[in-house]
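Text of the file run29.cif, holding mmCIF, C-alpha atoms and all ligand atoms:
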```
data_entry
loop_
_atom_site.label_atom_id
_atom_site.label_comp_id
_atom_site.auth_asym_id
_atom_site.auth_seq_id
_atom_site.Cartn_x
_atom_site.Cartn_y
_atom_site.Cartn_z
CA MET A 1 -5.25 -12.28 -15.42
CA PRO A 2 -7.99 -14.88 -16.00
CA ASP A 3 -8.44 -14.07 -19.71
CA SER A 4 -4.77 -14.81 -20.41
CA ASN A 5 -5.04 -18.12 -18.62
CA PRO A 6 -7.44 -20.32 -20.64
CA CYS A 7 -8.11 -24.01 -19.86
CA ALA A 8 -10.82 -26.60 -20.59
CA ASP A 9 -12.06 -26.82 -17.00
CA LEU A 10 -12.09 -23.58 -15.07
CA PHE A 11 -11.07 -25.49 -11.95
CA ASP A 12 -7.84 -26.48 -13.72
CA LYS A 13 -6.33 -23.04 -13.94
CA PRO A 14 -2.56 -23.12 -13.81
CA LEU A 15 -0.80 -20.34 -11.91
CA ALA A 16 -1.15 -17.44 -14.31
CA SER A 17 1.96 -15.60 -13.27
CA PRO A 18 5.32 -16.76 -14.67
CA PHE A 19 6.87 -15.26 -11.54
CA LEU A 20 4.79 -17.45 -9.23
CA ARG A 21 5.39 -20.50 -11.40
CA ALA A 22 9.13 -19.85 -11.10
CA VAL A 23 8.82 -19.41 -7.32
CA HIS A 24 6.92 -22.69 -7.06
CA ALA A 25 9.69 -24.40 -8.98
CA THR A 26 12.03 -23.59 -6.08
CA PRO A 27 11.67 -25.14 -2.63
CA VAL A 28 11.11 -21.73 -1.00
CA ARG A 29 7.55 -20.88 0.07
CA PRO A 30 7.50 -17.22 1.05
CA TYR A 31 3.76 -16.49 0.70
CA TYR A 32 0.89 -17.00 3.12
CA ARG A 33 3.37 -17.67 5.92
CA PRO A 34 1.53 -17.52 9.24
CA LEU A 35 3.21 -14.94 11.47
CA GLN A 36 2.49 -12.72 14.42
CA ALA A 37 3.95 -9.22 14.36
CA ARG A 38 4.37 -6.66 17.14
CA ASP A 39 6.66 -3.68 17.72
CA GLY A 40 9.02 -4.33 14.84
CA GLU A 41 9.36 -8.05 15.49
CA ALA A 42 7.48 -11.15 14.35
CA VAL A 43 7.21 -14.78 15.31
CA VAL A 44 7.56 -16.98 12.23
CA ASP A 45 7.57 -20.77 12.59
CA GLY A 46 7.98 -20.32 16.36
CA ARG A 47 11.09 -18.17 15.90
CA LYS A 48 11.39 -14.48 16.75
CA VAL A 49 12.72 -12.38 13.86
CA VAL A 50 12.92 -8.69 13.00
CA MET A 51 9.83 -7.67 11.05
CA ALA A 52 10.97 -5.75 7.99
CA GLY A 53 7.93 -6.52 5.87
CA CYS A 54 4.96 -4.80 7.52
CA ASN A 55 3.08 -1.65 6.49
CA ASP A 56 2.36 -0.62 10.09
CA TYR A 57 4.76 2.27 9.49
CA LEU A 58 3.93 4.22 12.65
CA GLY A 59 3.83 1.09 14.82
CA LEU A 60 0.26 1.69 15.94
CA ALA A 61 -1.45 -1.63 15.16
CA THR A 62 -0.41 -3.09 18.52
CA ASP A 63 -0.23 0.14 20.52
CA PRO A 64 -2.07 -0.48 23.82
CA ARG A 65 -4.16 2.69 23.42
CA VAL A 66 -5.32 1.57 19.97
CA THR A 67 -6.07 -2.01 21.00
CA ALA A 68 -7.92 -0.76 24.14
CA ALA A 69 -10.11 1.52 21.99
CA ALA A 70 -10.84 -1.40 19.67
CA ALA A 71 -11.68 -3.68 22.61
CA THR A 72 -14.11 -1.14 24.07
CA ALA A 73 -15.88 -0.71 20.73
CA LEU A 74 -16.01 -4.47 20.28
CA ARG A 75 -17.67 -4.92 23.68
CA THR A 76 -20.06 -2.01 23.10
CA TYR A 77 -21.15 -2.67 19.54
CA GLY A 78 -20.24 -6.30 18.81
CA THR A 79 -18.12 -7.68 16.03
CA SER A 80 -19.99 -6.47 12.98
CA CYS A 81 -22.64 -4.05 11.78
CA SER A 82 -23.92 -6.93 9.61
CA GLY A 83 -24.99 -4.56 6.90
CA ALA A 84 -24.10 -1.78 4.51
CA ARG A 85 -23.94 1.84 5.63
CA THR A 86 -27.02 2.91 3.70
CA LEU A 87 -29.60 0.66 5.31
CA ASN A 88 -28.47 -0.78 8.62
CA GLY A 89 -24.69 -0.50 9.04
CA THR A 90 -24.06 3.02 10.32
CA LEU A 91 -22.81 3.62 13.88
CA PRO A 92 -22.02 7.00 15.42
CA LEU A 93 -18.38 5.92 15.11
CA HIS A 94 -18.60 6.02 11.28
CA GLY A 95 -19.63 9.67 11.29
CA GLU A 96 -17.04 10.55 13.93
CA LEU A 97 -14.22 8.93 11.97
CA GLU A 98 -15.39 10.59 8.75
CA ALA A 99 -15.37 13.99 10.44
CA ALA A 100 -11.90 13.30 11.87
CA VAL A 101 -10.51 12.30 8.45
CA ALA A 102 -12.03 15.36 6.75
CA ASP A 103 -10.69 17.59 9.51
CA PHE A 104 -7.21 16.05 9.27
CA LEU A 105 -7.05 16.38 5.49
CA GLY A 106 -8.82 19.74 5.38
CA THR A 107 -11.50 18.50 2.99
CA GLU A 108 -15.22 19.27 3.11
CA ASP A 109 -16.21 15.69 3.78
CA ALA A 110 -14.96 12.11 3.87
CA ALA A 111 -16.52 8.64 3.57
CA VAL A 112 -15.08 5.62 5.34
CA VAL A 113 -15.33 2.22 3.67
CA THR A 114 -14.43 -1.30 4.68
CA THR A 115 -11.03 -1.55 2.97
CA GLY A 116 -8.64 0.75 1.13
CA PHE A 117 -9.15 -1.42 -1.94
CA GLN A 118 -12.87 -0.62 -1.85
CA ALA A 119 -12.16 3.09 -1.42
CA ASN A 120 -10.44 2.99 -4.78
CA LEU A 121 -13.04 0.71 -6.38
CA ALA A 122 -15.67 3.27 -5.35
CA LEU A 123 -14.04 5.70 -7.80
CA ALA A 124 -15.50 3.62 -10.64
CA ALA A 125 -18.77 5.49 -10.03
CA LEU A 126 -17.05 8.65 -11.25
CA PHE A 127 -15.63 7.10 -14.41
CA GLY A 128 -18.52 7.16 -16.90
CA THR A 129 -18.94 6.65 -20.63
CA GLY A 130 -17.16 9.36 -22.61
CA ASP A 131 -14.88 10.31 -19.70
CA ALA A 132 -11.11 9.76 -19.83
CA VAL A 133 -8.97 8.58 -16.92
CA PHE A 134 -5.20 9.06 -17.09
CA SER A 135 -3.45 6.53 -14.91
CA ASP A 136 0.20 6.12 -13.92
CA ALA A 137 1.52 2.81 -15.31
CA ALA A 138 2.62 1.75 -11.80
CA ASN A 139 -0.65 2.54 -10.01
CA HIS A 140 -1.96 0.15 -7.40
CA ALA A 141 -4.11 -2.76 -8.57
CA SER A 142 -7.19 -1.28 -6.89
CA LEU A 143 -6.93 1.93 -8.94
CA ILE A 144 -6.46 -0.11 -12.09
CA ASP A 145 -9.50 -2.23 -11.22
CA ALA A 146 -11.58 0.88 -10.50
CA ILE A 147 -10.84 2.15 -13.99
CA ARG A 148 -11.63 -1.26 -15.51
CA LEU A 149 -14.89 -1.34 -13.59
CA GLY A 150 -15.92 2.09 -14.77
CA ALA A 151 -16.94 2.94 -18.32
CA ALA A 152 -14.35 5.66 -18.98
CA HIS A 153 -11.60 5.47 -21.54
CA ARG A 154 -8.35 4.44 -19.79
CA VAL A 155 -5.12 6.14 -20.82
CA ARG A 156 -1.90 4.94 -19.19
CA TYR A 157 0.95 7.40 -18.90
CA ARG A 158 4.53 6.32 -18.26
CA HIS A 159 5.36 5.90 -14.59
CA ALA A 160 5.95 9.26 -12.90
CA ASP A 161 6.29 11.01 -16.26
CA PRO A 162 4.38 14.33 -16.28
CA ALA A 163 5.63 15.22 -19.78
CA HIS A 164 4.06 12.05 -21.16
CA LEU A 165 0.86 12.78 -19.24
CA GLU A 166 0.79 16.30 -20.65
CA ARG A 167 1.11 14.96 -24.20
CA LEU A 168 -1.68 12.46 -23.71
CA LEU A 169 -3.93 15.07 -22.12
CA ALA A 170 -3.31 17.38 -25.07
CA GLU A 171 -4.28 14.61 -27.53
CA ALA A 172 -7.50 13.73 -25.66
CA ASP A 173 -11.00 14.81 -26.64
CA PRO A 174 -11.30 18.35 -25.20
CA ALA A 175 -14.97 17.68 -24.45
CA ALA A 176 -14.30 14.61 -22.31
CA ALA A 177 -14.43 14.93 -18.51
CA LYS A 178 -10.95 13.94 -17.35
CA ALA A 179 -9.18 12.67 -14.25
CA VAL A 180 -5.51 12.04 -13.49
CA VAL A 181 -5.15 9.17 -11.03
CA THR A 182 -1.96 8.30 -9.16
CA ASP A 183 -0.58 6.75 -6.01
CA GLY A 184 0.98 9.47 -3.82
CA MET A 185 3.83 7.24 -2.72
CA PHE A 186 4.13 4.09 -4.82
CA SER A 187 3.55 0.98 -2.79
CA MET A 188 6.32 -1.24 -4.08
CA ASP A 189 9.35 1.03 -4.39
CA GLY A 190 8.34 3.88 -2.10
CA ALA A 191 8.91 6.50 -4.83
CA LEU A 192 6.93 9.73 -4.72
CA ALA A 193 4.63 10.77 -7.55
CA PRO A 194 5.75 14.09 -9.09
CA LEU A 195 2.57 15.72 -7.83
CA PRO A 196 3.43 19.38 -8.53
CA ALA A 197 3.93 18.66 -12.24
CA LEU A 198 1.01 16.22 -12.41
CA THR A 199 -1.47 18.58 -10.76
CA ALA A 200 -0.28 21.47 -12.95
CA ALA A 201 -0.74 19.39 -16.12
CA ALA A 202 -4.16 18.27 -14.93
CA ARG A 203 -5.25 21.87 -14.27
CA ARG A 204 -4.03 23.05 -17.67
CA HIS A 205 -6.27 20.48 -19.33
CA GLY A 206 -9.28 20.79 -17.04
CA ALA A 207 -8.71 17.38 -15.45
CA ARG A 208 -9.40 16.46 -11.83
CA THR A 209 -6.50 15.00 -9.80
CA LEU A 210 -7.24 11.94 -7.65
CA VAL A 211 -4.46 10.75 -5.33
CA ASP A 212 -4.32 7.44 -3.49
CA GLY A 213 -2.46 8.30 -0.30
CA ALA A 214 -2.51 4.75 1.11
CA HIS A 215 1.21 4.79 1.87
CA ASP A 216 1.82 8.47 2.55
CA ILE A 217 -1.17 9.96 4.38
CA GLY A 218 -0.23 9.93 8.06
CA LEU A 219 3.45 9.76 7.26
CA LEU A 220 4.71 12.49 4.94
CA GLY A 221 4.50 16.27 5.01
CA PRO A 222 4.91 18.79 7.85
CA THR A 223 1.61 17.71 9.48
CA GLY A 224 1.47 14.16 8.09
CA ARG A 225 -1.20 14.87 5.47
CA GLY A 226 0.84 13.00 2.90
CA ALA A 227 2.87 13.29 -0.27
CA ALA A 228 0.83 16.20 -1.62
CA GLU A 229 1.47 18.21 1.52
CA LEU A 230 5.16 17.32 1.45
CA LEU A 231 5.40 18.51 -2.15
CA GLY A 232 3.40 21.69 -1.48
CA VAL A 233 0.31 20.84 -3.56
CA HIS A 234 -2.18 19.51 -1.03
CA GLY A 235 -4.73 22.11 -2.13
CA GLN A 236 -4.32 21.13 -5.80
CA VAL A 237 -5.58 17.57 -5.25
CA ASP A 238 -9.30 17.22 -5.88
CA LEU A 239 -9.95 13.92 -4.13
CA PHE A 240 -7.91 11.67 -1.83
CA THR A 241 -8.34 7.99 -1.15
CA GLY A 242 -6.48 6.13 1.56
CA THR A 243 -6.37 3.24 3.96
CA PHE A 244 -6.35 2.72 7.71
CA SER A 245 -4.22 -0.43 7.30
CA LYS A 246 -0.82 1.23 7.02
CA CYS A 247 -0.27 4.37 9.11
CA PHE A 248 -3.48 4.07 11.09
CA GLY A 249 -3.19 0.74 12.88
CA SER A 250 -6.43 -0.75 11.63
CA THR A 251 -8.27 -1.95 8.53
CA GLY A 252 -10.56 0.16 6.36
CA GLY A 253 -10.36 2.92 3.80
CA PHE A 254 -11.55 6.42 3.08
CA LEU A 255 -12.34 8.92 0.35
CA ALA A 256 -11.97 12.62 1.16
CA GLY A 257 -12.94 15.62 -0.95
CA PRO A 258 -15.76 18.04 -1.79
CA ALA A 259 -19.01 17.34 0.09
CA HIS A 260 -21.17 16.93 -3.04
CA VAL A 261 -18.74 14.38 -4.52
CA ILE A 262 -18.61 12.35 -1.30
CA THR A 263 -22.42 12.40 -1.11
CA TYR A 264 -22.64 11.24 -4.72
CA LEU A 265 -20.20 8.38 -4.01
CA ARG A 266 -22.10 7.34 -0.86
CA TYR A 267 -25.16 6.70 -3.04
CA ALA A 268 -23.58 5.66 -6.34
CA ALA A 269 -20.49 3.60 -5.55
CA ARG A 270 -21.39 -0.07 -5.57
CA ALA A 271 -18.26 -0.92 -3.52
CA ILE A 272 -19.81 1.16 -0.72
CA LEU A 273 -23.52 0.44 -1.28
CA PHE A 274 -23.34 -3.32 -1.49
CA SER A 275 -20.83 -4.25 1.22
CA ALA A 276 -21.04 -4.41 5.02
CA SER A 277 -19.64 -1.32 6.69
CA MET A 278 -16.35 -0.91 8.53
CA PRO A 279 -16.69 -2.90 11.78
CA PRO A 280 -16.73 -1.28 15.26
CA ALA A 281 -13.30 -2.41 16.48
CA ALA A 282 -11.66 -1.28 13.22
CA LEU A 283 -13.39 2.12 13.45
CA ALA A 284 -12.26 2.73 17.02
CA ALA A 285 -8.72 1.55 16.28
CA ALA A 286 -8.49 3.86 13.27
CA MET A 287 -9.82 6.82 15.25
CA SER A 288 -7.38 6.24 18.09
CA ALA A 289 -4.42 5.74 15.73
CA LEU A 290 -5.31 8.86 13.72
CA GLU A 291 -5.30 10.92 16.93
CA ILE A 292 -2.01 9.41 18.09
CA SER A 293 -0.39 9.97 14.70
CA ILE A 294 -1.30 13.67 14.95
CA ASP A 295 -0.19 13.98 18.60
CA GLU A 296 3.06 12.05 18.17
CA PRO A 297 4.88 13.37 15.10
CA TRP A 298 8.06 11.69 16.39
CA ARG A 299 6.69 8.46 14.91
CA ARG A 300 6.90 9.65 11.33
CA HIS A 301 10.24 11.39 11.91
CA ARG A 302 11.63 8.21 13.46
CA VAL A 303 10.60 5.87 10.65
CA LEU A 304 11.87 8.24 7.97
CA SER A 305 15.26 8.64 9.63
CA LEU A 306 15.62 4.87 10.14
CA ALA A 307 14.80 4.36 6.47
CA ALA A 308 17.38 6.89 5.31
CA ARG A 309 20.04 5.18 7.42
CA LEU A 310 19.17 1.68 6.24
CA ARG A 311 19.02 2.77 2.61
CA GLY A 312 22.59 4.09 2.99
CA HIS A 313 23.72 0.83 4.62
CA LEU A 314 22.25 -1.33 1.87
CA ALA A 315 23.73 0.79 -0.87
CA GLY A 316 27.09 0.56 0.93
CA LEU A 317 26.81 -3.24 0.82
CA GLY A 318 26.39 -3.05 -2.94
CA TYR A 319 22.64 -3.64 -3.11
CA ASP A 320 20.68 -1.77 -5.76
CA THR A 321 17.99 0.19 -3.94
CA GLY A 322 17.00 2.26 -6.96
CA PRO A 323 17.42 5.97 -7.46
CA ALA A 324 18.08 7.97 -4.29
CA PRO A 325 15.24 10.29 -3.25
CA ALA A 326 15.63 13.80 -4.66
CA ALA A 327 17.59 16.21 -2.47
CA ALA A 328 15.57 17.59 0.45
CA LEU A 329 12.97 14.84 0.13
CA PRO A 330 12.78 12.14 2.79
CA SER A 331 13.59 8.51 2.14
CA GLY A 332 10.23 6.76 2.57
CA PRO A 333 9.85 3.70 4.80
CA VAL A 334 9.72 1.36 1.80
CA ILE A 335 13.07 0.24 0.37
CA ALA A 336 13.00 -1.86 -2.80
CA VAL A 337 16.15 -3.95 -3.16
CA ARG A 338 16.43 -4.99 -6.81
CA THR A 339 17.00 -8.73 -7.25
CA GLY A 340 17.52 -10.95 -10.28
CA ASP A 341 15.06 -13.61 -11.44
CA ALA A 342 12.36 -15.18 -9.28
CA ALA A 343 14.73 -17.82 -7.89
CA ASP A 344 17.34 -15.18 -6.95
CA CYS A 345 14.66 -13.13 -5.26
CA VAL A 346 13.23 -15.89 -3.06
CA ARG A 347 16.70 -17.28 -2.34
CA LEU A 348 17.71 -13.91 -0.93
CA TRP A 349 14.42 -13.75 0.97
CA GLN A 350 15.14 -17.14 2.55
CA ARG A 351 18.69 -16.13 3.47
CA LEU A 352 17.42 -12.99 5.15
CA LEU A 353 14.89 -15.04 7.10
CA ASP A 354 17.61 -17.48 8.10
CA ALA A 355 19.56 -14.46 9.33
CA GLY A 356 16.56 -13.41 11.42
CA VAL A 357 14.81 -10.84 9.24
CA PHE A 358 11.38 -11.14 7.57
CA THR A 359 11.01 -9.20 4.31
CA ASN A 360 8.67 -9.35 1.27
CA PRO A 361 9.77 -10.92 -2.04
CA VAL A 362 7.82 -9.28 -4.86
CA GLY A 363 7.50 -9.97 -8.57
CA PRO A 364 5.13 -9.12 -11.43
CA PRO A 365 2.37 -7.98 -11.56
CA ALA A 366 3.14 -5.96 -8.42
CA VAL A 367 6.37 -4.72 -10.08
CA PRO A 368 7.08 -4.38 -13.82
CA GLU A 369 7.50 -7.54 -15.92
CA GLY A 370 11.07 -8.80 -15.83
CA SER A 371 11.87 -7.32 -12.43
CA THR A 372 11.79 -8.59 -8.85
CA ILE A 373 12.48 -6.90 -5.55
CA ILE A 374 12.91 -7.62 -1.88
CA ARG A 375 10.63 -5.03 -0.33
CA VAL A 376 11.91 -3.86 3.05
CA THR A 377 9.72 -1.71 5.28
CA LEU A 378 10.56 0.09 8.49
CA GLN A 379 8.40 1.04 11.43
CA ALA A 380 8.58 3.76 14.07
CA THR A 381 8.78 1.03 16.70
CA HIS A 382 11.98 -0.43 15.25
CA THR A 383 14.92 0.16 17.57
CA ASP A 384 18.37 1.06 16.32
CA ALA A 385 19.31 -2.55 17.11
CA HIS A 386 16.51 -3.81 14.82
CA ALA A 387 17.75 -1.59 12.00
CA ASP A 388 21.30 -2.84 12.54
CA ARG A 389 20.08 -6.44 12.45
CA ILE A 390 18.36 -5.80 9.11
CA ALA A 391 21.61 -4.37 7.69
CA GLU A 392 23.61 -7.30 9.15
CA ALA A 393 21.21 -9.83 7.61
CA PHE A 394 21.74 -8.26 4.19
CA ALA A 395 25.52 -8.34 4.79
CA THR A 396 25.33 -12.03 5.77
CA ALA A 397 23.19 -12.81 2.73
CA ARG A 398 25.70 -11.03 0.54
CA ARG A 399 28.55 -13.18 1.90
CA ALA A 400 26.47 -16.36 1.50
CA SER A 401 25.37 -15.59 -2.03
CA SER A 402 27.55 -18.31 -3.53
CA VAL A 403 26.40 -20.90 -0.96
CA PRO A 404 23.17 -22.82 -1.73
CA VAL A 405 20.35 -22.54 0.82
CA THR A 406 20.24 -25.61 3.09
CA PRO A 407 17.14 -27.82 2.74
CA ALA A 408 16.63 -27.75 6.55
CA VAL A 409 15.53 -24.12 6.44
CA LEU A 410 13.00 -24.66 3.68
CA ALA A 411 10.16 -25.79 5.93
CA ARG A 412 6.90 -25.54 4.01
CA PRO A 413 4.08 -23.56 5.56
CA ARG A 414 0.59 -25.07 5.72
CA GLN A 415 -0.74 -25.53 2.20
CA ALA A 416 -2.37 -22.33 1.00
CA PRO A 417 -3.53 -21.00 -2.35
CA ALA A 418 -1.02 -18.99 -4.32
CA PRO A 419 -1.75 -15.26 -4.49
CA GLU A 420 -2.67 -13.67 -7.80
CA THR A 421 -0.66 -10.67 -6.73
CA VAL A 422 1.75 -10.37 -3.90
CA ARG A 423 0.80 -6.83 -2.96
N1 LIG A 501 -3.75 1.55 -2.41
C1 LIG A 501 -2.45 1.22 -2.30
C2 LIG A 501 -1.44 2.11 -2.96
C3 LIG A 501 -2.06 0.09 -1.59
O1 LIG A 501 -0.77 -0.24 -1.50
C4 LIG A 501 -3.05 -0.72 -0.98
C5 LIG A 501 -2.70 -1.94 -0.17
N2 LIG A 501 -1.62 -2.65 -0.55
C6 LIG A 501 -4.38 -0.35 -1.13
C7 LIG A 501 -4.70 0.79 -1.84
C8 LIG A 501 -5.48 -1.18 -0.55
O2 LIG A 501 -5.61 -0.94 0.82
P1 LIG A 501 -6.25 -2.02 1.79
O3 LIG A 501 -5.17 -3.01 2.10
O4 LIG A 501 -6.69 -1.23 2.96
O5 LIG A 501 -7.39 -2.66 1.08
#
```
In structure tokens, what does this structure look like?
Ligand code: PMP
Amino acid sequence: MPDSNPCADLFDKPLASPFLRAVHATPVRPYYRPLQARDGEAVVDGRKVVMAGCNDYLGLATDPRVTAAAATALRTYGTSCSGARTLNGTLPLHGELEAAVADFLGTEDAAVVTTGFQANLALAALFGTGDAVFSDAANHASLIDAIRLGAAHRVRYRHADPAHLERLLAEADPAAAKAVVTDGMFSMDGALAPLPALTAAARRHGARTLVDGAHDIGLLGPTGRGAAELLGVHGQVDLFTGTFSKCFGSTGGFLAGPAHVITYLRYAARAILFSASMPPAALAAAMSALEISIDEPWRRHRVLSLAARLRGHLAGLGYDTGPAPAAALPSGPVIAVRTGDAADCVRLWQRLLDAGVFTNPVGPPAVPEGSTIIRVTLQATHTDAHADRIAEAFATARRASSVPVTPAVLARPRQAPAPETVR
């Protein structure tokens, strides 16, 4: 973070993250790689590889029906609304998508915003002086930033630990308005939040439960409403946030909940008020993808079964993919393969790419200090052959682990700034 990274001239900031400094000390350059992805494959440096590092879980971002809807909206309305919703940036499509999201999630109302990050930042308007927000230690950066932006007291509970949350809630000022905030499915390791215990603890202490369903809404549960539906507590969640950039083939975000809260946020959340609205093509793409995701449940079944199979393969090869999902719960489409230090992590990433598979190497702050992972994601549009090629690439990398990576494969991408976070 900037405050832990002082220097005499603010243009002389060194890379703040020890992880990124360690990556830059190797010849591997995994970030900001230009690539073009479609149907479970990608072209990287002119070479076709299997795409195992994309959040388009249902494979809808390049679906012809979704791109046709986006193209029609683009031709009809232009590229941008050139303004915020409040004054001059509202199209009929905004209201239609909001109604569709609210209908899908069974909430009174929903607001769509330009990114999922902003949907979470908008929550800051709820977090006032004297309030207390209880946040899972592994929550997404945008939830953390929303709490920082608000004036409420922030209390972090241990990752996915309802007993710790309960203790902290019990110690809090009984008069404070309280919220428990958590990802539904955690972005980096694909683990589910223990929502039944979290919502029960929240209710016992008069706290609202706010769930970011960015990775699970559209994917999990009998009707795809997300982790809360899967775990049988959809009705216990007070407010959902989410994104159109993962299951819904587009870009944009949403908040869904009681009508009076959504109305309040529409007028109070600076992330909504002071930013241009979701653009026409993104709106139409999201609407089309939402409809397809509802009509074609095979997509979520397919990606979950591919993930379960690959997780088994990787474990069989001796990779540490973390704790297995609890019995009767699906294996999400995100598989986090634990790696060693930063150099080990990017070396494995490069070997997988050499073997024809693109993955995501991730270090702090996106995962806890001292850990690194290769994040593997599956898509409904992956074929069995794609899944086999991912497993084979990991097998090849395993065999090559004592062989240094050849300099020929370490082509540098065009110079680009280093990310603050790799999420
Ligand atoms: N929440 C979570 C849990 C996420 O993983 C992300 C994206 N990585 C976001 C919110 C932000 O969504 P968007 O990319 O649409 O801004």
Counting only C-alpha atoms and all ligand atoms, what residues are within 7 Å of ligand LIG 501 (chain A), given as a PDB file with C-alpha atoms, in the coordinates of the input?
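The file below, out-v9.pdb, is the result:
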```pdb
ATOM      1  CA  THR A 115     -11.030  -1.550   2.970  1.00  0.00           C
ATOM      2  CA  GLY A 116      -8.640   0.750   1.130  1.00  0.00           C
ATOM      3  CA  PHE A 117      -9.150  -1.420  -1.940  1.00  0.00           C
ATOM      4  CA  GLN A 118     -12.870  -0.620  -1.850  1.00  0.00           C
ATOM      5  CA  ASN A 120     -10.440   2.990  -4.780  1.00  0.00           C
ATOM      6  CA  HIS A 140      -1.960   0.150  -7.400  1.00  0.00           C
ATOM      7  CA  SER A 142      -7.190  -1.280  -6.890  1.00  0.00           C
ATOM      8  CA  ASP A 183      -0.580   6.750  -6.010  1.00  0.00           C
ATOM      9  CA  PHE A 186       4.130   4.090  -4.820  1.00  0.00           C
ATOM     10  CA  SER A 187       3.550   0.980  -2.790  1.00  0.00           C
ATOM     11  CA  ASP A 212      -4.320   7.440  -3.490  1.00  0.00           C
ATOM     12  CA  GLY A 213      -2.460   8.300  -0.300  1.00  0.00           C
ATOM     13  CA  ALA A 214      -2.510   4.750   1.110  1.00  0.00           C
ATOM     14  CA  HIS A 215       1.210   4.790   1.870  1.00  0.00           C
ATOM     15  CA  GLY A 242      -6.480   6.130   1.560  1.00  0.00           C
ATOM     16  CA  THR A 243      -6.370   3.240   3.960  1.00  0.00           C
ATOM     17  CA  PHE A 244      -6.350   2.720   7.710  1.00  0.00           C
ATOM     18  CA  SER A 245      -4.220  -0.430   7.300  1.00  0.00           C
ATOM     19  CA  THR A 251      -8.270  -1.950   8.530  1.00  0.00           C
ATOM     20  CA  GLY A 252     -10.560   0.160   6.360  1.00  0.00           C
ATOM     21  CA  GLY A 253     -10.360   2.920   3.800  1.00  0.00           C
ATOM     22  CA  ARG A 423       0.800  -6.830  -2.960  1.00  0.00           C
TER      23      ARG A 423
END
```
query = Is there a way to get, as a ChimeraX atom specification, all residues within 12 Å of the point (-21.7, 5.7, 14.9) in file coordinates, counting only C-alpha atoms?
reply = /A:73,76-77,81,85,88-99,112,277-281,283-284,287
Please save C-alpha atoms of the selected residues as a short mmCIF file (atom, residue, chain, number, x, y, z; two decimals), in the frame of the given file.
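Saved the output as selection_10.cif:
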```cif
data_model
loop_
_atom_site.label_atom_id
_atom_site.label_comp_id
_atom_site.auth_asym_id
_atom_site.auth_seq_id
_atom_site.Cartn_x
_atom_site.Cartn_y
_atom_site.Cartn_z
CA ALA A 73 -15.88 -0.71 20.73
CA THR A 76 -20.06 -2.01 23.10
CA TYR A 77 -21.15 -2.67 19.54
CA CYS A 81 -22.64 -4.05 11.78
CA ARG A 85 -23.94 1.84 5.63
CA ASN A 88 -28.47 -0.78 8.62
CA GLY A 89 -24.69 -0.50 9.04
CA THR A 90 -24.06 3.02 10.32
CA LEU A 91 -22.81 3.62 13.88
CA PRO A 92 -22.02 7.00 15.42
CA LEU A 93 -18.38 5.92 15.11
CA HIS A 94 -18.60 6.02 11.28
CA GLY A 95 -19.63 9.67 11.29
CA GLU A 96 -17.04 10.55 13.93
CA LEU A 97 -14.22 8.93 11.97
CA GLU A 98 -15.39 10.59 8.75
CA ALA A 99 -15.37 13.99 10.44
CA VAL A 112 -15.08 5.62 5.34
CA SER A 277 -19.64 -1.32 6.69
CA MET A 278 -16.35 -0.91 8.53
CA PRO A 279 -16.69 -2.90 11.78
CA PRO A 280 -16.73 -1.28 15.26
CA ALA A 281 -13.30 -2.41 16.48
CA LEU A 283 -13.39 2.12 13.45
CA ALA A 284 -12.26 2.73 17.02
CA MET A 287 -9.82 6.82 15.25
#
```
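Atom CA of Ala122 of chain A to atom CA of Leu255 of chain A spans 8.7 Å [interatomic distance, one decimal].
Residue neighbourhood of Leu60 of chain A, excluding near-sequence residues (fewer than 3 positions): Asp56, Asp63, Val66, Phe248, Gly249 and Ala289 of chain A, at 7 Å, using only C-alpha atoms.
Here atom CA of Gly312 of chain A and atom CA of Val376 of chain A stand 13.3 Å from one another.
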